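Coordinates as given in coords17.txt (compact mmCIF, C-alpha atoms):
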```
# COMPACT_ATOMS: atom_id res chain seq x y z
CA MET A 1 -7.70 -69.79 64.28
CA THR A 2 -5.30 -72.66 65.03
CA SER A 3 -2.16 -73.10 62.93
CA ALA A 4 -2.09 -76.13 60.60
CA GLY A 5 1.66 -76.32 60.05
CA ARG A 6 3.77 -74.49 57.52
CA LEU A 7 3.64 -74.18 53.76
CA PRO A 8 6.84 -75.36 52.05
CA PRO A 9 8.93 -72.50 50.60
CA GLN A 10 7.32 -71.01 47.51
CA LYS A 11 8.99 -69.06 44.74
CA TRP A 12 5.98 -66.78 44.33
CA MET A 13 6.10 -65.85 48.03
CA ARG A 14 9.81 -65.01 47.86
CA ALA A 15 9.39 -62.88 44.73
CA GLY A 16 10.36 -59.24 45.22
CA LYS A 17 7.02 -57.89 44.01
CA THR A 18 5.13 -60.08 46.50
CA ARG A 19 7.36 -59.03 49.38
CA ARG A 20 6.98 -55.38 48.36
CA VAL A 21 3.17 -55.56 48.59
CA VAL A 22 3.28 -57.39 51.91
CA ALA A 23 5.79 -54.89 53.33
CA ALA A 24 3.55 -51.97 52.33
CA LEU A 25 0.46 -53.50 53.95
CA THR A 26 2.23 -54.51 57.17
CA ALA A 27 4.13 -51.22 57.61
CA ALA A 28 1.80 -50.19 60.44
CA GLY A 29 1.64 -53.65 62.01
CA ALA A 30 -1.44 -54.99 60.20
CA GLU A 31 -1.93 -58.73 59.71
CA VAL A 32 -2.13 -60.07 56.16
CA ARG A 33 -2.48 -63.57 54.79
CA PHE A 34 -2.38 -65.18 51.39
CA VAL A 35 -5.72 -66.84 50.70
CA GLY A 36 -7.56 -69.15 48.34
CA GLY A 37 -6.21 -70.61 45.16
CA CYS A 38 -2.55 -69.71 45.61
CA ILE A 39 -2.42 -71.75 48.83
CA ARG A 40 -4.51 -74.61 47.44
CA ASP A 41 -2.40 -74.89 44.29
CA SER A 42 0.88 -74.62 46.21
CA LEU A 43 -0.13 -77.51 48.45
CA ALA A 44 -1.24 -79.51 45.41
CA GLY A 45 2.05 -78.87 43.59
CA ARG A 46 0.33 -76.93 40.80
CA PRO A 47 1.40 -73.66 39.17
CA VAL A 48 0.15 -70.57 40.99
CA LYS A 49 -1.51 -68.11 38.63
CA ASP A 50 -3.05 -65.49 40.93
CA VAL A 51 -1.95 -64.24 44.34
CA ASP A 52 -4.79 -63.05 46.56
CA ILE A 53 -4.30 -61.40 49.94
CA ALA A 54 -6.71 -60.79 52.83
CA THR A 55 -6.35 -58.29 55.67
CA HIS A 56 -8.43 -56.65 58.39
CA LEU A 57 -7.43 -53.24 56.99
CA SER A 58 -10.23 -51.25 55.38
CA PRO A 59 -10.05 -50.62 51.61
CA ASP A 60 -9.18 -46.96 52.27
CA GLU A 61 -6.32 -47.98 54.54
CA VAL A 62 -5.10 -50.51 51.97
CA MET A 63 -4.99 -47.87 49.24
CA ARG A 64 -3.29 -45.36 51.53
CA LEU A 65 -0.53 -47.77 52.50
CA LEU A 66 0.03 -48.94 48.93
CA ASP A 67 0.09 -45.37 47.62
CA ALA A 68 2.65 -44.44 50.28
CA ALA A 69 4.84 -47.30 49.03
CA GLY A 70 4.51 -46.16 45.42
CA ILE A 71 2.40 -49.15 44.39
CA LYS A 72 -0.37 -48.54 41.89
CA THR A 73 -3.89 -49.33 43.13
CA ILE A 74 -7.17 -49.97 41.31
CA PRO A 75 -10.43 -49.84 43.32
CA THR A 76 -11.86 -52.93 41.62
CA GLY A 77 -14.61 -53.71 44.17
CA LEU A 78 -14.72 -51.29 47.05
CA ALA A 79 -18.28 -52.22 48.01
CA HIS A 80 -17.01 -55.70 48.75
CA GLY A 81 -13.66 -54.57 50.11
CA THR A 82 -11.47 -55.41 47.13
CA VAL A 83 -8.51 -53.38 45.87
CA THR A 84 -6.08 -54.50 43.18
CA ALA A 85 -2.41 -53.64 43.61
CA ILE A 86 -0.06 -53.67 40.61
CA ALA A 87 3.55 -54.43 41.53
CA GLY A 88 6.15 -55.34 38.95
CA GLY A 89 3.39 -55.64 36.37
CA GLN A 90 1.59 -58.33 38.42
CA PRO A 91 -1.88 -57.81 39.91
CA PHE A 92 -2.50 -58.70 43.57
CA GLU A 93 -6.13 -58.76 44.69
CA ILE A 94 -6.38 -57.51 48.27
CA THR A 95 -9.66 -57.95 50.11
CA THR A 96 -10.75 -56.76 53.54
CA LEU A 97 -12.01 -59.52 55.83
CA ARG A 98 -15.78 -59.68 55.57
CA GLU A 99 -18.82 -61.69 56.48
CA ASP A 100 -22.15 -61.98 54.71
CA VAL A 101 -25.03 -60.06 56.18
CA GLU A 102 -27.48 -61.03 53.45
CA THR A 103 -27.09 -63.09 50.27
CA PHE A 104 -29.25 -63.24 47.16
CA GLY A 105 -28.09 -65.12 44.08
CA ARG A 106 -24.59 -64.05 43.22
CA HIS A 107 -24.87 -60.80 45.16
CA ALA A 108 -24.27 -60.33 48.86
CA LYS A 109 -24.50 -57.55 51.40
CA VAL A 110 -21.33 -57.74 53.47
CA ALA A 111 -19.90 -56.24 56.63
CA PHE A 112 -16.18 -55.85 57.21
CA THR A 113 -14.73 -57.76 60.14
CA ASP A 114 -11.47 -58.70 61.81
CA ASP A 115 -12.55 -62.33 62.27
CA TRP A 116 -10.48 -64.61 60.02
CA THR A 117 -12.73 -67.62 60.59
CA ALA A 118 -15.86 -65.66 59.66
CA ASP A 119 -14.17 -64.56 56.44
CA ALA A 120 -13.07 -68.13 55.63
CA ALA A 121 -16.62 -69.37 56.24
CA ARG A 122 -17.78 -67.33 53.22
CA ARG A 123 -15.69 -69.39 50.81
CA ASP A 124 -17.16 -72.19 48.75
CA PHE A 125 -14.98 -75.27 49.31
CA THR A 126 -12.83 -76.28 52.24
CA PHE A 127 -9.55 -76.19 50.33
CA ASN A 128 -10.39 -72.68 49.10
CA ALA A 129 -10.79 -71.51 52.72
CA LEU A 130 -7.09 -72.05 53.47
CA SER A 131 -4.87 -69.10 54.34
CA CYS A 132 -1.19 -68.59 54.98
CA ALA A 133 0.81 -65.91 56.77
CA PRO A 134 3.89 -64.39 55.09
CA ASP A 135 6.04 -66.56 57.39
CA ARG A 136 4.37 -69.63 55.78
CA THR A 137 2.19 -70.50 58.77
CA LEU A 138 -0.92 -72.29 57.47
CA PHE A 139 -4.47 -71.87 58.75
CA ASP A 140 -7.08 -74.50 57.92
CA PRO A 141 -10.42 -73.85 59.69
CA PHE A 142 -12.50 -76.46 57.85
CA GLY A 143 -10.22 -79.40 57.10
CA GLY A 144 -9.29 -78.26 53.61
CA ILE A 145 -5.79 -79.75 53.64
CA ALA A 146 -7.11 -83.24 54.41
CA ASP A 147 -9.78 -82.84 51.70
CA LEU A 148 -7.20 -81.66 49.18
CA HIS A 149 -4.87 -84.57 49.87
CA ALA A 150 -7.77 -87.03 49.71
CA GLY A 151 -9.10 -85.57 46.44
CA ARG A 152 -12.40 -84.67 48.09
CA VAL A 153 -14.38 -81.62 46.94
CA ARG A 154 -16.44 -80.53 49.93
CA PHE A 155 -18.49 -77.39 50.53
CA VAL A 156 -17.86 -75.22 53.56
CA GLY A 157 -21.06 -75.80 55.51
CA ASP A 158 -24.39 -76.68 53.89
CA ALA A 159 -24.14 -77.28 50.13
CA ARG A 160 -27.63 -75.95 49.36
CA ALA A 161 -27.02 -72.74 51.26
CA ARG A 162 -23.66 -72.17 49.63
CA ILE A 163 -25.03 -72.74 46.12
CA GLU A 164 -28.03 -70.50 46.72
CA GLU A 165 -25.61 -67.72 47.73
CA ASP A 166 -24.10 -67.88 44.23
CA TYR A 167 -25.40 -70.32 41.63
CA LEU A 168 -22.06 -70.27 39.84
CA ARG A 169 -20.88 -72.59 42.61
CA LEU A 170 -22.81 -75.33 40.80
CA LEU A 171 -20.30 -75.13 37.97
CA ARG A 172 -17.39 -74.62 40.35
CA LEU A 173 -18.32 -77.89 42.09
CA PHE A 174 -17.78 -79.82 38.87
CA ARG A 175 -14.79 -77.74 37.81
CA PHE A 176 -12.93 -78.53 41.02
CA GLN A 177 -14.05 -82.14 40.80
CA ALA A 178 -12.48 -82.30 37.33
CA HIS A 179 -9.18 -80.86 38.55
CA PHE A 180 -8.88 -82.18 42.10
CA GLY A 181 -11.53 -84.82 42.69
CA ARG A 182 -10.43 -88.39 43.31
CA GLN A 183 -13.30 -89.24 45.63
CA PRO A 184 -16.93 -89.42 44.44
CA VAL A 185 -19.03 -86.34 45.00
CA ASP A 186 -21.43 -86.76 47.93
CA PRO A 187 -24.72 -88.13 46.44
CA ALA A 188 -26.71 -85.70 48.57
CA VAL A 189 -24.75 -82.80 47.06
CA LEU A 190 -25.38 -84.13 43.55
CA GLU A 191 -29.09 -84.29 44.31
CA VAL A 192 -29.04 -80.65 45.40
CA ALA A 193 -27.04 -79.73 42.28
CA GLY A 194 -29.63 -81.32 40.02
CA GLU A 195 -32.47 -79.61 41.84
CA LEU A 196 -30.87 -76.16 41.62
CA ALA A 197 -29.43 -76.52 38.10
CA PRO A 198 -32.18 -74.50 36.34
CA ALA A 199 -30.91 -71.42 38.21
CA LEU A 200 -27.80 -71.49 35.99
CA ARG A 201 -29.92 -69.84 33.30
CA GLN A 202 -29.90 -66.69 35.44
CA LEU A 203 -26.12 -66.32 35.20
CA SER A 204 -24.31 -64.20 32.63
CA GLY A 205 -22.72 -65.94 29.69
CA GLU A 206 -19.29 -64.62 30.62
CA ARG A 207 -19.37 -66.23 34.07
CA VAL A 208 -20.65 -69.56 32.72
CA ARG A 209 -18.03 -69.55 29.94
CA GLU A 210 -15.18 -68.91 32.35
CA GLU A 211 -16.12 -71.84 34.57
CA LEU A 212 -16.87 -74.22 31.69
CA PHE A 213 -13.60 -73.44 29.96
CA LYS A 214 -11.65 -74.00 33.17
CA LEU A 215 -13.46 -77.30 33.65
CA LEU A 216 -12.81 -78.41 30.07
CA ALA A 217 -9.12 -77.56 30.48
CA ALA A 218 -8.70 -80.34 33.07
CA ALA A 219 -6.45 -83.25 32.14
CA ASP A 220 -9.53 -85.47 31.88
CA PRO A 221 -12.83 -83.59 32.16
CA VAL A 222 -14.94 -86.55 31.01
CA PRO A 223 -15.94 -87.90 34.47
CA ALA A 224 -17.05 -84.44 35.62
CA VAL A 225 -18.88 -83.73 32.35
CA THR A 226 -20.61 -87.11 32.59
CA LEU A 227 -21.74 -86.29 36.14
CA MET A 228 -23.03 -82.91 35.00
CA ILE A 229 -25.06 -84.50 32.23
CA ALA A 230 -26.42 -87.21 34.53
CA HIS A 231 -27.72 -84.56 36.91
CA HIS A 232 -28.94 -82.16 34.16
CA VAL A 233 -26.47 -79.46 35.10
CA LEU A 234 -24.75 -79.07 31.73
CA GLN A 235 -28.12 -79.09 29.98
CA ALA A 236 -29.12 -76.11 32.12
CA ALA A 237 -25.87 -74.29 31.35
CA LEU A 238 -26.02 -74.77 27.56
CA PRO A 239 -28.99 -74.34 25.20
CA VAL A 240 -28.34 -77.44 23.05
CA PRO A 241 -28.16 -81.24 23.48
CA VAL A 242 -24.91 -82.45 25.06
CA ALA A 243 -23.06 -85.75 25.42
CA ALA A 244 -19.67 -86.97 26.64
CA ASP A 245 -18.88 -89.82 24.22
CA VAL A 246 -17.22 -87.73 21.52
CA LEU A 247 -15.18 -85.85 24.12
CA ARG A 248 -13.99 -89.16 25.55
CA ALA A 249 -12.81 -90.24 22.09
CA LEU A 250 -11.27 -86.84 21.36
CA LEU A 251 -8.98 -87.11 24.39
CA ARG A 252 -7.44 -90.20 22.78
CA THR A 253 -6.23 -88.05 19.89
CA GLU A 254 -4.43 -85.51 22.09
CA GLU A 255 -0.69 -85.56 22.59
CA LYS A 256 0.35 -86.17 26.18
CA GLY A 257 1.18 -82.88 27.89
CA ALA A 258 -0.25 -80.72 25.10
CA PRO A 259 -2.29 -77.70 26.27
CA ALA A 260 -6.02 -78.38 26.35
CA ASP A 261 -8.23 -76.52 23.89
CA PRO A 262 -11.55 -75.72 25.61
CA VAL A 263 -13.24 -74.62 22.36
CA LEU A 264 -12.36 -77.89 20.64
CA ARG A 265 -13.52 -79.86 23.65
CA LEU A 266 -16.72 -77.81 23.78
CA ALA A 267 -17.34 -78.68 20.13
CA ALA A 268 -17.03 -82.35 21.08
CA VAL A 269 -19.63 -81.99 23.85
CA ILE A 270 -22.39 -80.13 22.00
CA ALA A 271 -24.63 -81.42 19.25
CA PRO A 272 -23.05 -80.91 15.80
CA GLY A 273 -24.43 -78.28 13.47
CA ARG A 274 -24.12 -74.57 12.79
CA SER A 275 -27.29 -73.56 14.64
CA ALA A 276 -26.17 -75.39 17.79
CA ALA A 277 -22.73 -73.78 17.67
CA GLU A 278 -24.19 -70.31 17.17
CA ALA A 279 -26.65 -70.80 20.04
CA VAL A 280 -23.81 -71.86 22.34
CA GLY A 281 -21.68 -68.96 21.13
CA GLU A 282 -24.45 -66.51 21.98
CA ARG A 283 -25.11 -68.08 25.39
CA LEU A 284 -21.43 -68.05 26.38
CA ARG A 285 -20.67 -64.69 24.78
CA LEU A 286 -17.78 -66.17 22.84
CA SER A 287 -15.27 -63.90 21.16
CA ARG A 288 -15.39 -63.62 17.38
CA ARG A 289 -12.38 -65.92 17.04
CA GLN A 290 -13.82 -68.50 19.44
CA LEU A 291 -17.17 -68.46 17.63
CA PHE A 292 -15.49 -68.86 14.23
CA ALA A 293 -13.63 -71.92 15.49
CA LEU A 294 -16.67 -73.45 17.19
CA VAL A 295 -18.91 -73.00 14.14
CA TYR A 296 -16.40 -74.57 11.74
CA LEU A 297 -15.68 -77.44 14.11
CA ALA A 298 -19.37 -78.14 14.67
CA ALA A 299 -20.34 -77.58 11.02
CA PRO A 300 -17.20 -78.00 8.87
CA PRO A 301 -17.26 -76.63 5.31
CA VAL A 302 -16.26 -80.07 4.03
CA ASP A 303 -16.01 -83.57 5.40
CA PRO A 304 -12.26 -83.88 6.10
CA GLY A 305 -12.33 -87.62 5.46
CA ALA A 306 -10.21 -89.25 2.76
CA LYS A 307 -13.24 -89.79 0.50
CA THR A 308 -13.59 -86.03 0.01
CA PRO A 309 -11.70 -84.83 -3.10
CA ALA A 310 -8.26 -83.48 -2.27
CA LYS A 311 -8.99 -80.10 -3.82
CA LEU A 312 -11.93 -79.53 -1.46
CA ARG A 313 -9.92 -80.58 1.58
CA HIS A 314 -7.12 -78.28 0.48
CA ARG A 315 -9.43 -75.30 0.14
CA ALA A 316 -10.86 -75.97 3.59
CA ALA A 317 -7.38 -76.24 5.07
CA ARG A 318 -6.33 -72.97 3.46
CA LYS A 319 -9.47 -71.24 4.75
CA LEU A 320 -9.25 -72.57 8.29
CA GLY A 321 -5.47 -72.61 8.72
CA ALA A 322 -3.33 -75.58 9.66
CA ALA A 323 -4.07 -75.49 13.40
CA LEU A 324 -7.86 -75.35 13.12
CA TYR A 325 -7.92 -77.87 10.28
CA ALA A 326 -5.88 -80.29 12.40
CA LYS A 327 -8.43 -79.88 15.20
CA LEU A 328 -11.18 -80.61 12.72
CA LEU A 329 -9.41 -83.83 11.71
CA ARG A 330 -9.16 -84.94 15.33
CA LEU A 331 -12.80 -84.12 16.02
CA HIS A 332 -13.84 -85.97 12.84
CA TRP A 333 -11.97 -89.05 14.08
CA ALA A 334 -13.58 -88.74 17.52
CA ARG A 335 -17.08 -88.52 16.09
CA ALA A 336 -16.45 -91.61 13.97
CA HIS A 337 -15.14 -93.58 16.96
CA ALA A 338 -17.32 -92.26 19.79
CA ASP A 339 -19.06 -95.64 20.11
CA LYS A 340 -15.79 -97.62 19.93
CA PRO A 341 -14.14 -97.31 23.36
CA ARG A 342 -11.25 -99.60 22.38
CA ALA A 343 -10.37 -97.65 19.20
CA ARG A 344 -7.09 -95.75 19.17
CA PRO A 345 -5.89 -93.25 16.56
CA GLY A 346 -3.67 -94.93 14.03
CA ALA A 347 -1.37 -94.19 11.13
CA LYS A 348 -4.14 -92.71 8.97
CA LEU A 349 -4.96 -89.92 11.40
CA ALA A 350 -1.28 -89.30 12.08
CA ALA A 351 -0.63 -88.96 8.36
CA ALA A 352 -3.63 -86.67 7.91
CA LEU A 353 -2.42 -84.44 10.75
CA ARG A 354 1.06 -84.25 9.23
CA ASP A 355 -0.49 -83.37 5.89
CA ALA A 356 -2.72 -80.67 7.35
CA GLU A 357 0.14 -78.22 7.68
CA ARG A 358 1.30 -78.88 4.13
CA LEU A 359 -2.23 -78.47 2.76
CA ALA A 360 -2.80 -75.22 4.63
CA GLY A 361 0.60 -73.81 3.74
CA ALA A 362 0.53 -74.65 0.07
CA GLY A 363 -0.38 -71.36 -1.55
CA PHE A 364 -1.81 -71.48 -5.08
CA PRO A 365 1.10 -70.11 -7.14
CA VAL A 366 -0.79 -68.22 -9.89
CA HIS A 367 -3.11 -65.24 -9.61
CA GLY A 368 -5.62 -63.21 -11.56
CA ARG A 369 -2.96 -60.82 -12.84
CA ASP A 370 -1.23 -63.78 -14.55
CA ALA A 371 -4.38 -64.45 -16.56
CA LEU A 372 -4.75 -60.73 -17.34
CA THR A 373 -1.18 -60.72 -18.69
CA LEU A 374 -2.19 -63.49 -21.09
CA GLY A 375 -5.02 -61.37 -22.43
CA VAL A 376 -7.92 -62.80 -20.45
CA ALA A 377 -10.53 -60.13 -19.70
CA GLU A 378 -11.73 -59.53 -16.17
CA GLY A 379 -14.95 -61.33 -15.37
CA PRO A 380 -16.40 -64.79 -14.84
CA ALA A 381 -14.19 -66.37 -17.50
CA LEU A 382 -11.03 -65.36 -15.65
CA GLY A 383 -12.26 -66.92 -12.41
CA ALA A 384 -13.28 -70.09 -14.19
CA LEU A 385 -9.82 -70.43 -15.76
CA LEU A 386 -8.06 -70.03 -12.42
CA GLU A 387 -10.38 -72.59 -10.87
CA GLN A 388 -9.53 -75.09 -13.61
CA VAL A 389 -5.81 -74.58 -12.97
CA GLU A 390 -6.31 -74.90 -9.22
CA ASP A 391 -8.26 -78.15 -9.72
CA TRP A 392 -5.40 -79.51 -11.86
CA TRP A 393 -2.92 -78.41 -9.19
CA ALA A 394 -4.94 -80.19 -6.47
CA GLU A 395 -5.24 -83.35 -8.58
CA ASN A 396 -1.45 -83.37 -8.74
CA ASP A 397 -1.24 -83.25 -4.93
CA PHE A 398 -0.45 -79.49 -4.91
CA ARG A 399 3.11 -80.22 -6.00
CA PRO A 400 3.39 -78.30 -9.32
CA GLY A 401 5.22 -75.01 -8.87
CA ARG A 402 4.54 -71.60 -10.38
CA ARG A 403 6.19 -72.40 -13.71
CA ALA A 404 4.14 -75.56 -14.23
CA CYS A 405 0.91 -73.84 -13.20
CA LEU A 406 1.56 -70.93 -15.58
CA LYS A 407 2.16 -73.43 -18.36
CA ARG A 408 -1.17 -75.11 -17.59
CA LEU A 409 -2.89 -71.68 -17.55
CA LYS A 410 -1.45 -70.85 -21.00
CA GLU A 411 -2.62 -74.20 -22.35
CA LEU A 412 -6.17 -73.51 -21.19
CA VAL A 413 -6.12 -69.98 -22.55
CA ASN A 414 -4.86 -71.17 -25.95
CA ALA A 415 -7.38 -74.01 -25.99
CA GLY A 416 -10.20 -71.56 -25.38
```

Can you present the structure in this file as structure tokens?
Amino acid sequence: MTSAGRLPPQKWMRAGKTRRVVAALTAAGAEVRFVGGCIRDSLAGRPVKDVDIATHLSPDEVMRLLDAAGIKTIPTGLAHGTVTAIAGGQPFEITTLREDVETFGRHAKVAFTDDWTADAARRDFTFNALSCAPDRTLFDPFGGIADLHAGRVRFVGDARARIEEDYLRLLRLFRFQAHFGRQPVDPAVLEVAGELAPALRQLSGERVREELFKLLAAADPVPAVTLMIAHHVLQAALPVPVAADVLRALLRTEEKGAPADPVLRLAAVIAPGRSAAEAVGERLRLSRRQLFALVYLAAPPVDPGAKTPAKLRHRAARKLGAALYAKLLRLHWARAHADKPRARPGAKLAAALRDAERLAGAGFPVHGRDALTLGVAEGPALGALLEQVEDWWAENDFRPGRRACLKRLKELVNAG
């Protein structure tokens, strides 16, 4: 494989834990290279999250060398040649060079090899087939560097064949387009994507969720989401109607540089309503916390608009918490302005967002024991009294303190 220049110095490559793993694997003269996302992201000037390594060593040899160096190993995928090393608390996925003997869906029968080009040919996109030696020598067998710099997402080899090897690559196509694409996707590839989209229903919810969330975390996922909808890919991935207009409006409410919230963005894409949110939650195998957020964003307990009585908005804010209630406010604005491409959030939304934290944090200052102290018996009457005081408190913009609320409680007790 011909060298393609050198990777600029990288902090993650110089890190002691990285050098320790490389030293262990090369102790007997074996060749190792960094592969995949760490090289792609380094060349793109993006943060590197995972460091993957490839070698011609067998998995048994990898574990033996790492054990000899005192590095913990986990046999995460021996059938496919993968061992995870833990050095300095960081995982390094180490995979033996391999080539596909037979593929079916997401599964493949592989044979180990010492051919770096054959191993690279298994990867999905050209810029994911890059590799780099520890001395920073780059290897680019399929023109991935040029594609990366041009913003072109291109399959290694035939798109149909690569997708049929693993249907998750349908979603990965649009995920990488959202993050790296500046050139249009090849129309022929989009046609294949639309034709094969129904196969997404065969994939596990966890795998679909991971790809969708990564896609939705892009700085602007709207163009990719729009493409997916146009070619019926997102409709195959999710069991409810989808659209991009609300998501487009939602992005206008986000602060520049703020971390993306995939659950909020997902709520903007799917049809509103509790049943839709629950169906999506089941399909994507969302965690309990993610499902709670999605359901309340898609089917809020109250309309957070200004026309809703303050006491009801306050109760919703207290139940949801300031952060989730603020997301609900932004989504509410986006839904109201989805058909107004020129609309921009103004002072009203800004004020509502500032008030969300105050509403959520304002704890009702009297409790049931206060009513019991005044001689009120336990039961429905006690709850009704507290609700009357809380309504009065809300009508006064939640500003009365404990003393004033106790006074109001006494007045109601005496009046009864």

Near-Val51 in chain A list (10 Å; only C-alpha atoms; drop same-chain fewer than 2 positions) as an MDAnalysis selection string: chainID A and resid 12:13 18 34:39 48:49 53 90:94

Pick from A:His179, A:Pro272, A:Lys311, A:Glu278 nearest to Asp41 in chain A, counting all atoms listed in the file: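 Nearest candidate to Asp41 in chain A out of A:His179, A:Pro272, A:Lys311, A:Glu278: A:His179.
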
Gap from CA of Ala277 in chain A to CA of His337 in chain A - Å, one decimal: 21.2 Å

Nearby residues (all atoms listed in the file) at most 10 Å from Ala193 in chain A, same-chain spacing under 3 positions excluded, as a list in words: Ala159, Arg160, Ile163, Tyr167, Arg169, Leu170, Leu171, Leu173, Phe174, Pro187, Ala188, Val189, Leu190, Leu196, Ala197, Pro198, Met228, His231, His232 and Val233 of chain A

From A:Leu168, A:Ala236, A:Ala219, A:Ala121, residue lying nearest Glu195 in chain A [all atoms listed in the file]: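 Comparing A:Leu168, A:Ala236, A:Ala219, A:Ala121 against Glu195 in chain A, the winner is A:Ala236.
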
Distance of CA of Glu254 in chain A from CA of Thr308 in chain A, expressed in Å to one decimal place: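 One can read the CA of Thr308 in chain A to CA of Glu254 in chain A distance as 23.9 Å.
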
Would you mind exporting range 5-24 of chain A with N, CA and C atoms, as a short mmCIF file (atom, residue, chain, number, x, y, z; two decimals), in the first residue's frame?
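Result file decode.cif:
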```
data_model
loop_
_atom_site.label_atom_id
_atom_site.label_comp_id
_atom_site.auth_asym_id
_atom_site.auth_seq_id
_atom_site.Cartn_x
_atom_site.Cartn_y
_atom_site.Cartn_z
N GLY A 5 1.61 10.41 2.48
CA GLY A 5 2.08 11.53 3.28
C GLY A 5 2.09 11.21 4.76
N ARG A 6 2.11 12.25 5.56
CA ARG A 6 2.18 12.06 7.00
C ARG A 6 1.09 12.84 7.71
N LEU A 7 0.57 12.24 8.76
CA LEU A 7 -0.44 12.90 9.59
C LEU A 7 0.26 13.93 10.48
N PRO A 8 -0.27 15.14 10.59
CA PRO A 8 0.33 16.11 11.51
C PRO A 8 0.37 15.55 12.92
N PRO A 9 1.29 16.01 13.75
CA PRO A 9 1.39 15.50 15.13
C PRO A 9 0.05 15.56 15.86
N GLN A 10 -0.25 14.49 16.59
CA GLN A 10 -1.53 14.39 17.29
C GLN A 10 -1.29 14.11 18.76
N LYS A 11 -2.01 14.83 19.60
CA LYS A 11 -1.86 14.65 21.04
C LYS A 11 -2.23 13.24 21.45
N TRP A 12 -3.27 12.68 20.86
CA TRP A 12 -3.72 11.34 21.26
C TRP A 12 -2.69 10.28 20.88
N MET A 13 -1.91 10.52 19.82
CA MET A 13 -0.87 9.56 19.44
C MET A 13 0.33 9.64 20.39
N ARG A 14 0.61 10.84 20.89
CA ARG A 14 1.75 11.02 21.78
C ARG A 14 1.45 10.61 23.22
N ALA A 15 0.17 10.42 23.53
CA ALA A 15 -0.23 10.09 24.90
C ALA A 15 0.47 8.82 25.38
N GLY A 16 0.86 8.80 26.65
CA GLY A 16 1.58 7.66 27.20
C GLY A 16 0.83 6.36 27.08
N LYS A 17 -0.48 6.39 27.28
CA LYS A 17 -1.26 5.14 27.22
C LYS A 17 -1.30 4.58 25.81
N THR A 18 -1.36 5.49 24.80
CA THR A 18 -1.32 5.03 23.41
C THR A 18 0.03 4.40 23.09
N ARG A 19 1.09 5.08 23.49
CA ARG A 19 2.43 4.57 23.20
C ARG A 19 2.70 3.25 23.92
N ARG A 20 2.09 3.09 25.10
CA ARG A 20 2.27 1.85 25.85
C ARG A 20 1.64 0.67 25.11
N VAL A 21 0.43 0.87 24.56
CA VAL A 21 -0.23 -0.20 23.81
C VAL A 21 0.55 -0.53 22.55
N VAL A 22 0.99 0.49 21.83
CA VAL A 22 1.74 0.26 20.60
C VAL A 22 3.05 -0.47 20.90
N ALA A 23 3.73 -0.06 21.97
CA ALA A 23 5.00 -0.71 22.33
C ALA A 23 4.79 -2.19 22.65
N ALA A 24 3.69 -2.51 23.34
CA ALA A 24 3.41 -3.90 23.67
C ALA A 24 3.17 -4.73 22.41
#
```
